[in-house]
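Here's the structure, in C-alpha cells; my notes come after.
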Amino acid sequence: MFDARIVLWLSLTLRSPRSLRRPRFMEGQPRRPTNPFSMENGTVPCAEKRPAEAKETTVTEGAAKIAFPSANEVFYNPVQEFNRDLTCAVITEFARIQLGAKGIQIKVPGEKDVQKVDVDLSEQEEDKAELKEGANVAPGDQPRTAAVGEICEEGLRVLEGLAASGLRSIRFAREVPGLQSVVANDASARAVDLIRHNVQLNKVAHLVQPSQADARMLMYQHQRVSERFDVIDLDPYGSPAPFLDAAVQAVSEGGLLCVTCTDMAVLAGNSGETCYSKYGAMALKSRACHEMALRIVLHSLDLRANCYQRFVVPLLSISADFYVRVFVRVFTGQAKVKASASKQALVFQCVGCGAFHLQRLGKASGSPGGRVKFSAACGPPVAPECEHCGQRHQLGGPLWAEPIHDLDFVGRVLEAVSANPGRFHTSERIRGVLSVVTEELPDVPLYYTLDQLSSTIHCSTPSLLQLRSALLHAGFRVSLSHACKNAVKTDAPASVLWDIMRCWEKECPVKRERLSETSPAFRILSVEPRGKTVGEAMEDRRKLLQNKRKELAEDPAQRAARLKTFPCKRFKEGTCQRGDQCCYSHKSLTPKATAEATCTDCPQTPNQNPPGPGATAGPGVD
C-alpha cells in the first residue's frame, strides 16, 4: 500500500507542464499554439484573449479622484492622507514665496472668501479706494496671478520620484497653484499605466507628465542647472537612502526637497549598524528616538549635499504615525559648507538613567576681523561613568544639532491652513501639530519623558504641569514636543531634572529596601535634594502671585485728592453736568499739561443733582 502511494505521488509530480495546462482548453475551444518567447517574457500572445480585468475601485482624496485595481491594495494608503495634505500646504507656501519674488501672486481656492470675512470695515474702505485708483491702470501693469490647474510659465517644476498611482502628483496639479509641470515617475510599467489612466480621469494631462524610469537615473539626468527641479518629493516604501545622493544634485538652488522615511525600526535604534550603513549615523534606543530619527535624516541629507558644495536648511520636520517627514531647502555655497561640521553632534547617553549630552563635531568661532574660524571641537563632555547613576555611556550619531524647523515658515503654513480650514480633510490635525511645533524650543535637541524619569527611580509619575512648573520656577525654559505627548524639552541640565525628581520622591516615597545598591534608582536617591520639593515650590509661587494681586485699602480723602489731579474728559467736551460735585478737576490746563494728564470719564452716580451756576458747560481745552 505504501509503495502504491509513492508511485502515485511520482506520477503526479513528473507530469509535464503541458499536461497540466491541458484542462484549460477542454471547454469547447480549439487549442492554439503558444509563442515560447512571449511566454518567457511573461506576456500573453496577441492571438490569445487576456483574462477579464478586475473591477476598479475609485477613491476621492482632496480634489483628486483616483482609480485603483481592487485586487491590489498596495497603491493607496489612507493613513498617509495627513502626509499628502501637509505636503500640499507646504508646497503652496513655498510657491507663494518663490513666485512672490517674481511679482506673481498665487490664488488658492477658498482663501479669498475667508479673507473678506476677517477684514474690518476700515480696511474694506481702503481696498475700495485702491481698486478705484487701479481702474485707471493699463492692463499690462496689472499684477500677474497664478491659479490652480493652470500652467505658470515661471512656476515650479515638480518631480515625484516614486509616484505609484500618481495620487500625490494629481493632487499637486489640482490643489497647488503656480506650477509649470509635474513629473510623475515610477519604475513599474503597471504603475505608469495607472498614472496615465488617472491623469486622464482628472483632466490634468497638461500639467502632469507620466514617466517610467529609475528615479535615481532620472534625477542624475537633471543635474544641469537649467534642468533641475524646484521641488522633489520622495516617498518610498522603506528607506530613501538610495535616492538621496541623486536628489540633492537634481534640486534647484534654494529648491524644496521633501523626504519620507518609513523604516522607523532602523532609525529608532533597533539596528544601529543598519542605520549607519544607510544614513551614516548610529541610532540609539532612546525615549527621544523619534526626534533622533529626524535629526539623523537631516544629517544624512546635509552630508550628501556637502559632497557637492551644497548644504540644507530645514523648513519643517515632522514625526507622525509610522514615519518621519522632512522638508528642507538646498543651497550652494562653499563658505557655508565649512560650517556643516559644527552643525553635527555626537550623543553620549547613559544606559542607566538615560541622561544624554551632545558633543559637537566642529567648532566655529569669530575672529577680530569678522571672519569665522573653524576648528575641531574639544571633548568629551562626560566622564567614563555617569555622574548621576554610575553607569556607562553609549555613543550615537552624528546627528543634526541645529534647529529642525524654520519657525517663520511654519507660522506661514499654520496661518494659511487656519484661514482656510475647509481646504484639507486633515486641517484640524495639521493645525494641532504645527501649533505644537511653533512652541518647541528650537535650540534644544532631544527631550526627556515623564515615564522615563519616574520609572528610573521607581516612583509614581508627576503630572506634566507639575514638572514644567518646577523647571520654570528654577529659571529654565521648557516646552512640549510634537514627537511625543509626554515629552519635556528643556535647557535644564540632567542634574536639575534629577534634583526635581528627588524632591518629588520626598512627597511620594519609594521603598528603599527594595532597591539594589547598584541600581540607578538607589544611587540617584542616595543624594539629598538641594532645593525645595515640587509642592513647596508651587505653593511659594502661588503665594507670591497672590500677594501681587492684593492692594492696600486707600483712605477716602486721599482718593478724592488723587482724583482731583486728573482733568475731566466730559468737561473738555462740554458735556459734564456735575459741576463742583464732579470728582475730577474742571480747571483749564495748558496744552502741555493736558497732553501729559490722563483724561477720565466722570463716574455715574444714582442721584443726579441739578447743575449749579458754576456747572455751565464751557469749551474744552483742545
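Residue names in the C-alpha cells use chain letters A, B, ... in the order shown, residue numbers from 1 in each chain, and ligand numbers from 1 in the order shown.
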Hey, what's within 10 Å of Glu111 (chain A) if we count only C-alpha atoms and toss same-chain stuff fewer than 4 positions away? As a CSV table (one decimal) with all heavy atoms, in the first residue's frame, please?
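This went into result_35.csv:
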```csv
chain,number,residue,atom,x,y,z
A,107,LYS,N,-3.3,82.2,-6.4
A,107,LYS,CA,-4.7,82.2,-5.9
A,107,LYS,C,-5.0,80.8,-5.5
A,107,LYS,O,-5.0,79.8,-6.2
A,107,LYS,CB,-5.6,82.6,-7.1
A,107,LYS,CG,-5.5,84.1,-7.5
A,107,LYS,CD,-6.6,84.4,-8.5
A,107,LYS,CE,-6.5,85.9,-8.9
A,107,LYS,NZ,-7.6,86.2,-9.9
A,115,GLN,N,-10.7,85.6,3.7
A,115,GLN,CA,-10.0,86.9,4.0
A,115,GLN,C,-11.0,88.0,4.0
A,115,GLN,O,-10.9,88.9,4.8
A,115,GLN,CB,-8.9,87.2,3.0
A,115,GLN,CG,-7.7,86.3,3.1
A,115,GLN,CD,-6.7,86.5,2.0
A,115,GLN,OE1,-6.9,87.4,1.2
A,115,GLN,NE2,-5.6,85.8,2.1
A,116,LYS,N,-12.1,88.0,3.2
A,116,LYS,CA,-13.1,89.0,3.3
A,116,LYS,C,-13.8,89.1,4.6
A,116,LYS,O,-14.2,90.1,5.1
A,116,LYS,CB,-14.1,88.8,2.1
A,116,LYS,CG,-13.5,89.2,0.8
A,116,LYS,CD,-14.6,89.1,-0.3
A,116,LYS,CE,-14.1,89.6,-1.7
A,116,LYS,NZ,-15.1,89.4,-2.7
A,416,ALA,N,-2.0,80.0,7.0
A,416,ALA,CA,-2.8,79.7,5.7
A,416,ALA,C,-3.8,78.5,6.0
A,416,ALA,O,-4.9,78.6,5.5
A,416,ALA,CB,-1.8,79.3,4.6
A,417,VAL,N,-3.4,77.5,6.7
A,417,VAL,CA,-4.3,76.4,7.0
A,417,VAL,C,-5.4,76.8,7.9
A,417,VAL,O,-6.6,76.5,7.8
A,417,VAL,CB,-3.5,75.2,7.6
A,417,VAL,CG1,-4.5,74.1,8.0
A,417,VAL,CG2,-2.5,74.7,6.6
A,419,ALA,N,-6.7,79.9,8.2
A,419,ALA,CA,-7.6,80.8,7.5
A,419,ALA,C,-8.5,80.1,6.4
A,419,ALA,O,-9.5,80.6,6.0
A,419,ALA,CB,-6.7,81.9,6.7
A,420,ASN,N,-8.1,78.9,6.1
A,420,ASN,CA,-8.9,78.1,5.1
A,420,ASN,C,-9.0,76.7,5.5
A,420,ASN,O,-8.4,75.7,4.9
A,420,ASN,CB,-8.1,78.2,3.7
A,420,ASN,CG,-9.0,77.7,2.6
A,420,ASN,OD1,-10.2,77.4,2.7
A,420,ASN,ND2,-8.4,77.6,1.4
A,421,PRO,N,-9.8,76.4,6.6
A,421,PRO,CA,-9.8,75.1,7.2
A,421,PRO,C,-10.5,74.1,6.3
A,421,PRO,O,-10.3,72.8,6.5
A,421,PRO,CB,-10.6,75.3,8.5
A,421,PRO,CG,-11.4,76.5,8.3
A,421,PRO,CD,-10.6,77.4,7.4
A,422,GLY,N,-11.3,74.5,5.4
A,422,GLY,CA,-12.0,73.5,4.5
A,422,GLY,C,-11.2,73.0,3.4
A,422,GLY,O,-11.7,72.2,2.6
A,423,ARG,N,-10.0,73.5,3.2
A,423,ARG,CA,-9.2,73.1,2.1
A,423,ARG,C,-8.7,71.6,2.2
A,423,ARG,O,-8.7,70.9,1.2
A,423,ARG,CB,-7.9,74.0,2.0
A,423,ARG,CG,-7.1,73.7,0.8
A,423,ARG,CD,-5.8,74.5,0.7
A,423,ARG,NE,-5.0,74.2,-0.4
A,423,ARG,CZ,-3.7,74.7,-0.5
A,423,ARG,NH1,-3.2,75.4,0.4
A,423,ARG,NH2,-3.1,74.3,-1.6
```
message: At a cut-off of 12 Å, using only C-alpha atoms, what residues contact Thr274 (chain A)? Leave out same-chain residues fewer than 2 positions from it and give the result as a PyMOL selection string.
response: chain A and resi 239+241+263-272+276-284
- prompt: Could you pull out all residues of region 184-226 of chain A with a DSSP call of strand (DSSP E) and give them as a list in words?
  reply: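 Residues meeting the strand (DSSP E) criterion: Ala184, Asn185, Asp186, Val208, Gln209, Pro210, Ser211 and Gln212 of chain A.
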query: Which residue, A:Glu440, A:Asp499, A:Asp580, A:Asp408, has the smallest gap to His388 (chain A) when you use only C-alpha atoms?
result: A:Asp499
Please tabulate, as a Markdown table, the residues of region 398-488 of chain A that come within 10 Å of region 79-85 of chain A, each with its closest pair of atoms and the distance in Å to one decimal, counting only C-alpha atoms and ordering rows by chain, then residue number upward.
```
| residue | atom | partner | partner_atom | distance |
| --- | --- | --- | --- | --- |
| A:Arg423 | CA | A:Asp85 | CA | 9.0 |
| A:Phe424 | CA | A:Asp85 | CA | 6.2 |
| A:His425 | CA | A:Asp85 | CA | 7.7 |
| A:Thr426 | CA | A:Phe82 | CA | 5.9 |
| A:Ser427 | CA | A:Asp85 | CA | 8.0 |
| A:Arg429 | CA | A:Phe82 | CA | 7.9 |
| A:Ile430 | CA | A:Phe82 | CA | 7.6 |
```
Store the residues picked out above in a file with N, CA, C and O atoms, as a CSV table (one decimal), in the first residue's frame.
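Ended up saving to again-v2.csv:
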```csv
chain,number,residue,atom,x,y,z
A,423,ARG,N,-10.0,73.5,3.2
A,423,ARG,CA,-9.2,73.1,2.1
A,423,ARG,C,-8.7,71.6,2.2
A,423,ARG,O,-8.7,70.9,1.2
A,424,PHE,N,-8.4,71.1,3.4
A,424,PHE,CA,-7.9,69.8,3.6
A,424,PHE,C,-8.8,69.0,4.6
A,424,PHE,O,-9.4,69.6,5.5
A,425,HIS,N,-8.8,67.7,4.4
A,425,HIS,CA,-9.6,66.9,5.3
A,425,HIS,C,-9.0,66.8,6.7
A,425,HIS,O,-9.7,66.5,7.7
A,426,THR,N,-7.7,66.9,6.7
A,426,THR,CA,-6.9,66.8,8.0
A,426,THR,C,-6.4,68.1,8.5
A,426,THR,O,-5.4,68.2,9.1
A,427,SER,N,-7.2,69.2,8.2
A,427,SER,CA,-6.8,70.5,8.6
A,427,SER,C,-6.6,70.7,10.1
A,427,SER,O,-5.7,71.3,10.6
A,429,ARG,N,-5.9,68.4,12.3
A,429,ARG,CA,-4.6,67.7,12.8
A,429,ARG,C,-3.4,68.6,12.4
A,429,ARG,O,-2.5,68.7,13.2
A,430,ILE,N,-3.4,69.1,11.2
A,430,ILE,CA,-2.3,69.9,10.8
A,430,ILE,C,-2.1,71.1,11.7
A,430,ILE,O,-1.0,71.5,12.1
```
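Those residues that approach region 98-103 of chain A to within 10 Å, counting only C-alpha atoms, are A:Thr92, A:Pro143, A:Arg144, A:Thr145, A:Ala146, A:Cys152, A:Glu154, A:Gly155, A:Leu156, A:Gly178, A:Leu179, A:Asp230, A:Gly254, A:Gly255; same-chain residues fewer than 6 positions away are not listed.
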Write the residues you've just listed into a file as a PDB file, in the first residue's frame, and include N, CA and C atoms for each of them.
```pdb
ATOM      1  N   THR A  92       2.484  74.910  -1.324  1.00  0.00           N
ATOM      2  CA  THR A  92       1.739  76.132  -1.638  1.00  0.00           C
ATOM      3  C   THR A  92       2.426  77.356  -1.062  1.00  0.00           C
ATOM      4  N   PRO A 143      -1.039  93.169 -11.730  1.00  0.00           N
ATOM      5  CA  PRO A 143      -0.181  92.118 -11.160  1.00  0.00           C
ATOM      6  C   PRO A 143      -0.519  90.755 -11.768  1.00  0.00           C
ATOM      7  N   ARG A 144       0.510  89.984 -12.018  1.00  0.00           N
ATOM      8  CA  ARG A 144       0.325  88.650 -12.578  1.00  0.00           C
ATOM      9  C   ARG A 144      -0.129  87.686 -11.493  1.00  0.00           C
ATOM     10  N   THR A 145      -0.999  86.768 -11.866  1.00  0.00           N
ATOM     11  CA  THR A 145      -1.541  85.799 -10.917  1.00  0.00           C
ATOM     12  C   THR A 145      -1.365  84.390 -11.477  1.00  0.00           C
ATOM     13  N   ALA A 146      -1.341  83.421 -10.567  1.00  0.00           N
ATOM     14  CA  ALA A 146      -1.250  82.011 -10.930  1.00  0.00           C
ATOM     15  C   ALA A 146      -2.341  81.270 -10.182  1.00  0.00           C
ATOM     16  N   CYS A 152       1.844  77.815 -15.212  1.00  0.00           N
ATOM     17  CA  CYS A 152       2.557  79.064 -14.955  1.00  0.00           C
ATOM     18  C   CYS A 152       3.943  78.952 -15.583  1.00  0.00           C
ATOM     19  N   GLU A 154       6.577  80.676 -15.402  1.00  0.00           N
ATOM     20  CA  GLU A 154       7.682  80.883 -14.471  1.00  0.00           C
ATOM     21  C   GLU A 154       7.457  80.138 -13.157  1.00  0.00           C
ATOM     22  N   GLY A 155       6.592  79.142 -13.188  1.00  0.00           N
ATOM     23  CA  GLY A 155       6.243  78.423 -11.971  1.00  0.00           C
ATOM     24  C   GLY A 155       7.233  77.336 -11.604  1.00  0.00           C
ATOM     25  N   LEU A 156       6.821  76.493 -10.674  1.00  0.00           N
ATOM     26  CA  LEU A 156       7.673  75.447 -10.122  1.00  0.00           C
ATOM     27  C   LEU A 156       7.611  74.192 -10.971  1.00  0.00           C
ATOM     28  N   GLY A 178       0.561  77.849  -9.240  1.00  0.00           N
ATOM     29  CA  GLY A 178       1.902  78.303  -9.587  1.00  0.00           C
ATOM     30  C   GLY A 178       2.837  77.206 -10.041  1.00  0.00           C
ATOM     31  N   LEU A 179       2.331  76.171 -10.696  1.00  0.00           N
ATOM     32  CA  LEU A 179       3.161  75.069 -11.167  1.00  0.00           C
ATOM     33  C   LEU A 179       3.354  75.164 -12.676  1.00  0.00           C
ATOM     34  N   ASP A 230      12.436  72.287  -9.114  1.00  0.00           N
ATOM     35  CA  ASP A 230      12.268  73.192  -7.980  1.00  0.00           C
ATOM     36  C   ASP A 230      11.775  72.460  -6.739  1.00  0.00           C
ATOM     37  N   GLY A 254      18.107  76.686  -3.852  1.00  0.00           N
ATOM     38  CA  GLY A 254      17.034  77.097  -2.963  1.00  0.00           C
ATOM     39  C   GLY A 254      15.771  76.287  -3.133  1.00  0.00           C
ATOM     40  N   GLY A 255      15.857  75.169  -3.864  1.00  0.00           N
ATOM     41  CA  GLY A 255      14.694  74.340  -4.096  1.00  0.00           C
ATOM     42  C   GLY A 255      14.279  73.562  -2.860  1.00  0.00           C
TER      43      GLY A 255
END
```
field: Close residues, Val382 (chain A) itself excluded, 10 Å, only C-alpha atoms, min 5 positions apart in chain, as JSON, numbers by chain
entry: {"A": [348, 349, 350, 356, 357, 358, 359, 387, 393]}
Written file, previous selection with C-alpha atoms, as a compact mmCIF listing (two decimals), in the first residue's frame:
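part_12.txt written:
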```txt
# COMPACT_ATOMS: atom_id res chain seq x y z
CA PHE A 348 26.55 60.37 24.87
CA GLN A 349 23.62 58.57 26.51
CA CYS A 350 23.73 56.83 29.89
CA PHE A 356 22.29 62.49 27.45
CA HIS A 357 24.96 65.00 26.45
CA LEU A 358 25.77 66.34 22.98
CA GLN A 359 29.29 66.78 21.62
CA GLU A 387 27.74 61.33 37.36
CA HIS A 393 27.60 55.73 28.26
```
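Restricting the calculation to only C-alpha atoms, the smallest distance between Lys55 (chain A) and any of A:Ser70, A:Ser463, A:Ser317, A:Ser367 is found for A:Ser70.
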